[in-house]
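Content type compact mmCIF, C-alpha atoms and all ligand atoms, from the file entry21.txt:
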# COMPACT_ATOMS: atom_id res chain seq x y z
CA MET A 1 86.61 41.65 67.76
CA GLY A 2 84.72 38.42 68.35
CA THR A 3 85.41 35.60 70.75
CA LYS A 4 86.65 32.11 69.97
CA ARG A 5 84.00 29.42 70.27
CA GLN A 6 84.29 25.64 70.06
CA PHE A 7 82.71 23.78 67.15
CA ARG A 8 82.58 20.07 66.33
CA ILE A 9 81.74 19.47 62.68
CA TRP A 10 81.17 16.16 60.92
CA ARG A 11 83.60 15.71 58.04
CA GLY A 12 83.45 12.82 55.64
CA ASP A 13 81.55 11.30 52.76
CA GLU A 14 79.42 8.24 51.97
CA SER A 15 82.31 5.94 52.90
CA GLY A 16 82.56 7.32 56.46
CA GLY A 17 83.77 10.22 58.52
CA ASP A 18 83.99 11.69 62.00
CA LEU A 19 83.60 14.84 64.07
CA GLN A 20 86.43 17.34 63.91
CA ASP A 21 87.07 20.11 66.42
CA TYR A 22 87.52 23.74 65.43
CA ALA A 23 87.91 26.95 67.41
CA VAL A 24 86.27 29.71 65.39
CA GLU A 25 85.78 33.42 65.89
CA VAL A 26 82.15 34.39 66.53
CA ASN A 27 80.82 37.95 66.49
CA GLU A 28 77.68 39.41 67.99
CA GLY A 29 74.55 38.76 65.94
CA GLU A 30 76.00 35.90 63.91
CA VAL A 31 74.24 32.68 63.01
CA VAL A 32 75.71 29.20 62.66
CA LEU A 33 75.94 29.57 58.87
CA ASP A 34 78.14 32.67 59.33
CA VAL A 35 80.52 30.60 61.40
CA ILE A 36 80.60 27.82 58.80
CA HIS A 37 81.43 30.42 56.15
CA ARG A 38 84.25 31.76 58.36
CA LEU A 39 85.56 28.22 58.76
CA GLN A 40 85.54 27.79 54.99
CA ALA A 41 87.50 31.05 54.69
CA THR A 42 90.07 30.03 57.30
CA ASP A 43 90.67 26.52 58.68
CA ALA A 44 88.54 24.32 56.39
CA PRO A 45 88.33 25.62 52.82
CA ASP A 46 87.09 22.23 51.60
CA LEU A 47 84.18 22.01 54.07
CA ALA A 48 81.04 21.28 52.02
CA CYS A 49 77.75 22.86 53.00
CA ARG A 50 74.60 23.75 51.07
CA TRP A 51 72.98 27.17 51.39
CA ASN A 52 71.40 29.76 49.22
CA CYS A 53 69.33 32.62 50.63
CA LYS A 54 70.63 33.06 54.17
CA ALA A 55 67.16 34.33 54.97
CA GLY A 56 65.24 31.20 56.03
CA LYS A 57 63.39 31.00 52.74
CA CYS A 58 65.16 28.59 50.37
CA GLY A 59 65.25 25.64 52.77
CA SER A 60 68.70 24.47 51.63
CA CYS A 61 70.84 25.01 54.75
CA SER A 62 69.17 22.25 56.81
CA MET A 63 71.50 20.41 59.18
CA GLU A 64 71.51 19.06 62.73
CA ILE A 65 72.87 21.47 65.31
CA ASN A 66 73.47 20.02 68.75
CA GLY A 67 71.28 17.13 67.67
CA LYS A 68 68.30 19.20 66.59
CA PRO A 69 67.31 19.58 62.94
CA ARG A 70 67.53 23.31 62.14
CA LEU A 71 68.16 25.86 59.43
CA SER A 72 71.74 26.99 60.04
CA CYS A 73 71.00 30.46 58.66
CA MET A 74 68.25 30.92 61.25
CA THR A 75 70.12 29.56 64.27
CA ARG A 76 71.67 32.43 66.20
CA MET A 77 74.89 31.82 68.06
CA SER A 78 73.29 33.59 71.03
CA THR A 79 71.07 30.47 71.38
CA PHE A 80 74.04 28.68 72.95
CA GLU A 81 75.98 29.24 76.15
CA ASP A 82 79.32 30.98 75.65
CA ASP A 83 81.25 27.89 76.74
CA GLU A 84 79.04 25.41 74.92
CA THR A 85 80.52 23.34 72.09
CA VAL A 86 78.31 23.56 69.03
CA THR A 87 78.11 20.24 67.20
CA VAL A 88 77.03 20.34 63.56
CA THR A 89 76.15 17.17 61.65
CA PRO A 90 74.40 16.45 58.34
CA LEU A 91 70.75 15.41 58.14
CA ARG A 92 70.68 11.82 59.30
CA THR A 93 67.75 10.49 57.28
CA PHE A 94 69.35 11.11 53.89
CA PRO A 95 72.62 9.74 52.45
CA VAL A 96 75.67 11.94 52.91
CA ILE A 97 77.31 13.29 49.78
CA ARG A 98 80.08 15.16 51.61
CA ASP A 99 80.45 16.84 55.00
CA LEU A 100 77.18 18.67 55.70
CA VAL A 101 75.62 18.04 52.29
CA THR A 102 73.12 15.21 51.92
CA ASP A 103 71.32 13.72 48.96
CA VAL A 104 67.68 14.69 49.48
CA SER A 105 66.42 13.25 46.20
CA PHE A 106 64.11 10.93 48.18
CA ASN A 107 61.92 14.00 48.65
CA TYR A 108 61.86 14.88 44.97
CA GLU A 109 60.86 11.33 44.12
CA LYS A 110 58.00 11.54 46.62
CA ALA A 111 57.01 14.92 45.20
CA ARG A 112 56.81 13.39 41.74
CA GLU A 113 54.65 10.56 43.05
CA THR A 114 52.14 12.91 44.70
CA PRO A 115 49.20 13.50 42.34
CA ALA A 116 49.08 17.10 41.16
CA PHE A 117 46.24 19.59 41.59
CA ALA A 118 43.36 18.44 39.37
CA PRO A 119 41.13 21.38 38.46
CA PRO A 120 37.57 20.74 37.24
CA ALA A 121 37.57 19.98 33.52
CA ASP A 122 34.89 22.56 32.75
CA VAL A 123 36.54 25.56 34.44
CA ALA A 124 39.37 27.16 32.49
CA PRO A 125 42.54 28.50 34.14
CA GLY A 126 41.89 32.11 35.08
CA GLU A 127 38.29 31.28 35.91
CA TYR A 128 38.98 29.51 39.20
CA ARG A 129 37.33 31.16 42.19
CA MET A 130 37.73 30.24 45.85
CA GLN A 131 36.24 31.68 48.98
CA GLN A 132 38.64 33.48 51.29
CA VAL A 133 38.12 30.93 54.05
CA ASP A 134 39.49 28.20 51.79
CA VAL A 135 42.45 30.35 50.80
CA GLU A 136 43.25 30.95 54.49
CA ARG A 137 43.00 27.26 55.25
CA SER A 138 45.46 26.08 52.62
CA GLN A 139 47.76 29.10 52.97
CA GLU A 140 49.37 27.55 56.03
CA PHE A 141 50.59 24.58 53.99
CA ARG A 142 51.72 26.81 51.11
CA LYS A 143 54.30 28.36 53.43
CA CYS A 144 56.43 25.21 53.22
CA ILE A 145 59.99 26.02 52.09
CA GLU A 146 60.87 22.38 51.48
CA CYS A 147 63.71 22.33 53.97
CA TYR A 148 62.85 18.68 54.72
CA LEU A 149 63.58 19.05 58.42
CA CYS A 150 60.23 17.39 59.08
CA GLN A 151 61.16 14.51 56.79
CA ASN A 152 64.52 14.21 58.52
CA VAL A 153 63.11 14.02 62.04
CA CYS A 154 60.30 11.57 61.33
CA HIS A 155 61.14 8.30 63.08
CA VAL A 156 59.30 6.25 60.45
CA ILE A 157 62.19 6.75 58.02
CA ARG A 158 64.96 8.24 60.20
CA ASP A 159 66.22 4.84 61.30
CA HIS A 160 64.25 2.66 58.92
CA GLU A 161 65.54 2.79 55.39
CA GLU A 162 63.19 -0.06 54.56
CA ASN A 163 60.14 2.15 55.15
CA LYS A 164 61.13 4.74 52.58
CA PRO A 165 59.47 3.16 49.54
CA ALA A 166 56.10 3.08 51.32
CA PHE A 167 56.22 6.39 53.19
CA SER A 168 56.07 9.85 51.64
CA GLY A 169 56.51 11.75 54.91
CA PRO A 170 54.96 14.77 56.61
CA ARG A 171 55.92 17.30 53.93
CA PHE A 172 53.82 15.39 51.41
CA PHE A 173 51.02 14.64 53.84
CA ILE A 174 50.42 18.38 54.12
CA ARG A 175 50.46 18.63 50.32
CA ALA A 176 47.78 15.94 50.21
CA ALA A 177 45.83 17.71 52.99
CA GLU A 178 46.07 21.02 51.17
CA LEU A 179 44.64 19.51 48.00
CA ASP A 180 42.03 17.57 49.96
CA MET A 181 40.80 20.90 51.38
CA HIS A 182 40.91 22.62 48.00
CA PRO A 183 37.35 23.28 46.80
CA LEU A 184 38.39 23.18 43.13
CA ASP A 185 40.37 19.96 43.29
CA ALA A 186 38.43 17.38 41.32
CA LYS A 187 40.46 14.45 42.61
CA THR A 188 38.36 13.46 45.56
CA ASP A 189 40.26 10.47 46.93
CA ARG A 190 43.23 12.40 48.35
CA LYS A 191 42.92 11.03 51.88
CA GLU A 192 42.40 7.46 50.73
CA TYR A 193 45.42 7.85 48.48
CA ALA A 194 47.45 9.23 51.39
CA GLN A 195 46.42 6.28 53.52
CA SER A 196 47.08 3.50 51.05
CA GLU A 197 49.83 4.85 48.78
CA MET A 198 51.68 7.51 50.81
CA GLY A 199 51.90 5.61 54.09
CA LEU A 200 49.74 7.89 56.24
CA GLY A 201 48.98 4.89 58.44
CA PHE A 202 52.64 4.64 59.51
CA CYS A 203 52.37 8.02 61.24
CA ASN A 204 51.57 7.71 64.92
CA ILE A 205 51.24 11.45 65.50
CA THR A 206 54.34 12.02 67.58
CA LYS A 207 54.36 15.65 66.32
CA CYS A 208 58.16 15.75 65.98
CA CYS A 209 57.69 17.09 62.45
CA THR A 210 55.62 20.01 63.74
CA GLU A 211 58.23 20.80 66.40
CA VAL A 212 61.05 21.29 63.91
CA CYS A 213 59.15 23.10 61.15
CA PRO A 214 60.79 26.54 60.71
CA GLU A 215 57.60 27.85 59.11
CA HIS A 216 55.56 26.85 62.19
CA ILE A 217 53.18 24.82 60.07
CA LYS A 218 50.95 22.72 62.32
CA ILE A 219 51.71 19.64 60.25
CA THR A 220 50.06 17.14 62.56
CA ASP A 221 47.18 19.14 64.06
CA ASN A 222 46.02 20.81 60.86
CA GLY A 223 47.17 18.38 58.17
CA ILE A 224 47.75 14.80 59.28
CA ILE A 225 45.15 14.42 62.03
CA PRO A 226 42.20 15.83 60.02
CA MET A 227 43.10 13.51 57.15
CA LYS A 228 43.40 10.50 59.43
CA GLU A 229 40.04 11.35 60.99
CA ARG A 230 38.34 11.56 57.63
CA VAL A 231 39.84 8.23 56.52
CA VAL A 232 38.43 6.68 59.71
CA ASP A 233 35.08 8.43 59.18
CA ARG A 234 34.87 6.87 55.77
CA ARG A 235 35.96 3.40 56.77
CA TYR A 236 33.95 3.06 59.94
CA ASP A 237 30.98 5.34 59.32
CA PRO A 238 27.89 3.20 60.16
CA LEU A 239 25.92 4.93 57.39
CA VAL A 240 28.54 3.98 54.84
CA TRP A 241 28.46 0.44 56.18
CA LEU A 242 24.64 0.35 56.09
CA GLY A 243 24.62 1.81 52.59
CA SER A 244 26.96 -0.89 51.36
CA LYS A 245 24.63 -3.54 52.80
CA ILE A 246 21.41 -2.02 51.46
CA PHE A 247 22.43 -1.09 47.95
CA ARG A 248 25.03 -3.33 46.51
CA ARG A 249 26.31 -5.66 49.13
CA GLY A 250 30.04 -5.44 49.51
CA GLN A 251 30.54 -3.31 46.45
CA VAL A 252 31.08 0.14 47.93
CA PRO A 253 34.81 0.57 47.51
CA GLN A 254 36.67 1.21 50.75
CA THR A 255 39.60 2.65 48.91
CA SER A 256 39.96 3.47 45.28
CA VAL A 257 43.28 5.03 44.63
CA THR A 258 44.90 3.28 41.78
CA SER A 259 42.91 4.90 39.01
CA GLU A 260 42.38 8.56 38.30
CA HIS A 261 38.67 8.98 38.98
CA HIS A 262 37.61 12.55 38.62
CA SER A 263 34.38 13.83 39.97
CA GLY A 264 33.52 14.70 36.40
CA ALA A 265 33.10 11.03 35.67
CA GLY A 266 30.56 10.44 38.37
CA SER A 267 28.96 13.74 39.05
CA ALA A 268 29.07 15.74 35.86
CA GLN A 269 25.74 14.38 34.76
CA SER A 270 24.17 15.04 38.12
CA GLY A 271 25.60 18.57 38.31
CA VAL A 272 26.94 18.08 41.78
CA HIS A 273 30.38 17.91 43.25
CA SER A 274 30.81 16.18 46.54
CA HIS A 275 33.66 16.79 48.96
CA ALA A 276 32.89 14.98 52.18
CA GLY A 277 34.45 11.56 52.61
CA GLY A 278 34.50 8.66 50.20
CA SER A 279 36.48 7.76 47.15
CA HIS A 280 33.88 9.37 44.86
CA ASP A 281 34.50 7.11 41.98
CA ALA A 282 31.67 6.78 39.50
CA ARG A 283 30.06 3.76 41.16
CA SER A 284 29.91 5.06 44.72
CA GLU A 285 28.79 8.47 43.50
CA ALA A 286 26.01 6.81 41.48
CA GLN A 287 24.95 4.80 44.55
CA ALA A 288 24.88 7.95 46.61
CA GLN A 289 22.49 9.49 44.11
CA LYS A 290 20.06 6.60 44.34
CA GLY A 291 19.09 6.54 47.97
CA VAL A 292 20.77 7.09 51.32
CA ASN A 293 23.16 9.87 50.51
CA TRP A 294 26.05 10.09 52.91
CA HIS A 295 27.92 12.63 50.81
CA ARG A 296 27.37 16.31 51.35
CA GLN A 297 26.10 17.69 48.08
CA VAL A 298 27.11 21.13 46.90
CA PRO A 299 26.77 22.79 43.49
CA HIS A 300 29.59 22.11 41.08
CA PRO A 301 31.93 25.09 40.68
CA THR A 302 31.02 27.13 37.63
CA ALA A 303 33.02 29.63 35.62
CA PRO A 304 32.19 33.31 36.18
CA PRO A 305 30.37 35.07 33.32
CA LEU A 306 32.32 37.18 30.84
CA ASP A 307 31.59 40.87 30.34
CA ALA A 308 30.41 42.52 27.09
CA ASN A 309 33.97 42.44 25.76
CA GLY A 310 34.34 38.74 26.40
CA LYS A 311 36.70 39.42 29.36
CA LEU A 312 36.57 38.21 32.92
CA PRO A 313 35.43 40.77 35.50
CA LEU A 314 38.42 42.83 36.60
CA THR A 315 38.17 42.31 40.33
CA GLU A 316 36.24 40.28 42.81
CA LEU A 317 34.28 43.46 43.57
CA THR A 318 32.57 43.14 40.22
CA PHE A 319 32.20 39.40 40.60
CA ASP A 320 28.50 38.66 40.42
CA LYS A 321 28.47 34.90 41.10
CA ALA A 322 29.32 33.12 44.29
CA ALA A 323 32.76 31.57 44.42
CA ALA A 324 33.14 27.82 44.54
CA PRO A 325 31.33 26.68 47.66
CA SER A 326 33.36 25.77 50.69
CA PRO A 327 33.12 22.12 51.69
CA PHE A 328 33.43 23.29 55.29
CA GLY A 329 30.35 25.50 55.34
CA ASP A 330 29.45 28.92 54.05
CA ASP A 331 28.39 30.62 57.29
CA VAL A 332 31.68 32.49 57.67
CA THR A 333 31.99 36.25 58.02
CA PHE A 334 35.05 38.36 57.35
CA PRO A 335 37.46 39.40 58.61
CA LEU A 336 38.09 36.14 60.41
CA PRO A 337 38.87 36.47 64.11
CA PRO A 338 42.58 35.85 64.81
CA GLU A 339 41.88 32.63 66.71
CA HIS A 340 40.31 31.16 63.56
CA LEU A 341 43.35 31.75 61.40
CA ASN A 342 45.44 28.64 61.21
CA PHE A 343 48.72 30.09 60.06
CA ALA A 344 51.29 31.25 62.55
CA HIS A 345 51.04 35.01 62.78
CA PRO A 346 54.10 36.60 64.42
CA GLN A 347 51.88 38.23 67.04
CA GLN A 348 49.34 35.52 67.56
CA ASP A 349 48.21 36.88 70.87
CA GLN A 350 47.54 40.35 69.50
CA PRO A 351 44.13 41.05 68.00
CA LYS A 352 44.58 41.92 64.33
CA HIS A 353 41.74 44.43 64.13
S1 LIG A 401 53.73 13.06 63.52
FE1 LIG A 401 53.79 11.41 61.99
S2 LIG A 401 54.76 12.31 60.20
FE2 LIG A 401 55.21 13.68 61.95
S3 LIG A 401 57.21 12.97 62.72
FE3 LIG A 401 55.63 11.87 63.89
S4 LIG A 401 55.30 9.92 62.78
FE4 LIG A 401 56.40 11.33 61.38
S1 LIG A 402 56.61 21.36 56.34
FE1 LIG A 402 58.01 22.71 57.48
S2 LIG A 402 59.70 21.35 58.10
FE2 LIG A 402 58.58 20.29 56.48
S3 LIG A 402 59.65 20.80 54.58
FE3 LIG A 402 57.98 22.29 54.82
S4 LIG A 402 58.89 24.04 55.92
FE4 LIG A 402 60.31 22.31 56.14
S1 LIG A 403 70.16 29.51 53.40
FE1 LIG A 403 68.09 29.55 52.65
S2 LIG A 403 66.98 28.77 54.36
FE2 LIG A 403 69.00 28.90 55.12
This structure in structure tokens:
Amino acid sequence: MGTKRQFRIWRGDESGGDLQDYAVEVNEGEVVLDVIHRLQATDAPDLACRWNCKAGKCGSCSMEINGKPRLSCMTRMSTFEDDETVTVTPLRTFPVIRDLVTDVSFNYEKARETPAFAPPADVAPGEYRMQQVDVERSQEFRKCIECYLCQNVCHVIRDHEENKPAFSGPRFFIRAAELDMHPLDAKTDRKEYAQSEMGLGFCNITKCCTEVCPEHIKITDNGIIPMKERVVDRRYDPLVWLGSKIFRRGQVPQTSVTSEHHSGAGSAQSGVHSHAGGSHDARSEAQAQKGVNWHRQVPHPTAPPLDANGKLPLTELTFDKAAAPSPFGDDVTFPLPPEHLNFAHPQQDQPKH
């Protein structure tokens, strides 16, 4: 038999509401979502709440528990003192539909606005190859469960509705960072796009988003900050400045984000694909080819050869061409030491091998 615990739950809809008190039975090992389900089965059958997996993987049960954005299915009742009142409110950044359910369509709109992965035109699906180091690097961002807790906590939009049109938020900054790091992504102005179209400049690196992320993604340290640094590198790099003076005064674009320039346009003829800095539109790429070359040049990714039957090699063991080169350097040996892995391993302090 469990014990009675005090809950305060926000009830209402878009026209208003308030906190209501409930005394609910709580049993050992239960999470906040269990208690909400018990409330629905007893005192408050019309209490609205969104959930799906009850395993911390669907990202739908986001709410604010004692003021902190959390997944209710991952918040154990043992987190709180026995005599503590647990206050549950809906996500504050998004409009309330009813009770604990909010309208998070802002995030889907921003997802639609974020340019998709742009593979090289001359490599067919199924022929993409990446080095393991690049897989490891972007894997951290792929763990996102789209719970939008990071979006909810970010002060840029939490209390500033007027910033929403110009700010995509941390969840989409890590999407941009992931694609910026992707060696096969042919859209090479991701960071400039993030800066000018997604509102990266609004972020002042408070790291609140990182603190609430249930997947322990280092949103600021591994996604936002590296992108901000590379935008600054590009804008204030003295070589870029000098290049713009020497070659075509004032014509090196600082930012070129409104049109879809693929590296194919500028670099297909030259057979190179450049990843480091710059908008990489045709003109700046052509200038880079002429003289002072501030872009790191690496071979363009090529498709692996087919075998005698016209099929791709079965495994990477039979793969006889190097994978797409890493823009971060090729002097990496495997397995990577644990301290070089940037995803949150459950036993980060334990050596993995
Ligand atoms: S670090 Fe940036 S994106 Fe994250 S919560 Fe703070 S302002 Fe928002
Ligand atoms: S980055 Fe983390 S907090 Fe943000 S939506 Fe993804 S899983 Fe949730
Ligand atoms: S119910 Fe799926 S994350 Fe909580």
### Query
Please, which residues have at least one atom within 6 Å of an atom of ligand LIG 403 (chain A), using all atoms listed in the file, listed as a list in words?
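Going residue by residue within 6 Å of ligand LIG 403 (chain A), we get Trp51, Asn52, Cys53, Lys54, Ala55, Gly56, Lys57, Cys58, Gly59, Ser60, Cys61, Leu71, Ser72 and Cys73 of chain A.
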### Task
Return the single residue from A:Asn204, A:Gln131, A:Thr87, A:Ser105 that is closest to Arg5 (chain A), with distances computed using only C-alpha atoms.
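Of A:Asn204, A:Gln131, A:Thr87, A:Ser105, the one nearest Arg5 (chain A), counting only C-alpha atoms, is A:Thr87.
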### Query
Distance CA of Lys228 (chain A)-CA of Arg92 (chain A), one decimal place?
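These two atoms are separated by 27.3 Å.
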### Task
For region 136-151 of chain A, please output as a ChimeraX atom specification all residues within 9 Å (counting only C-alpha atoms; exclusion window: fewer than 3 positions along the same chain).
/A:56-63,69-71,91,93,104,107,131-133,154-155,157-158,168-171,174-175,177-179,181-182,208-219,222-223,341-344
Where is the centre and how long are the edges: axis-aligned box on ligand LIG 401 (chain A), 4 Å on each side, Å to one decimal, as AutoDock Vina command-line options:
--center_x 55.5 --center_y 11.8 --center_z 62.0 --size_x 11.5 --size_y 11.8 --size_z 11.7
## Note on the structure
Separating CA of Asp185 (chain A) from CA of Pro119 (chain A), to the nearest tenth of an Å, is a gap of 5.1 Å
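Using only C-alpha atoms and all ligand atoms, the smallest distance between any of A:Ala166, A:Ala308, A:Ala23, A:Val153 and ligand LIG 402 (chain A) comes from A:Val153.
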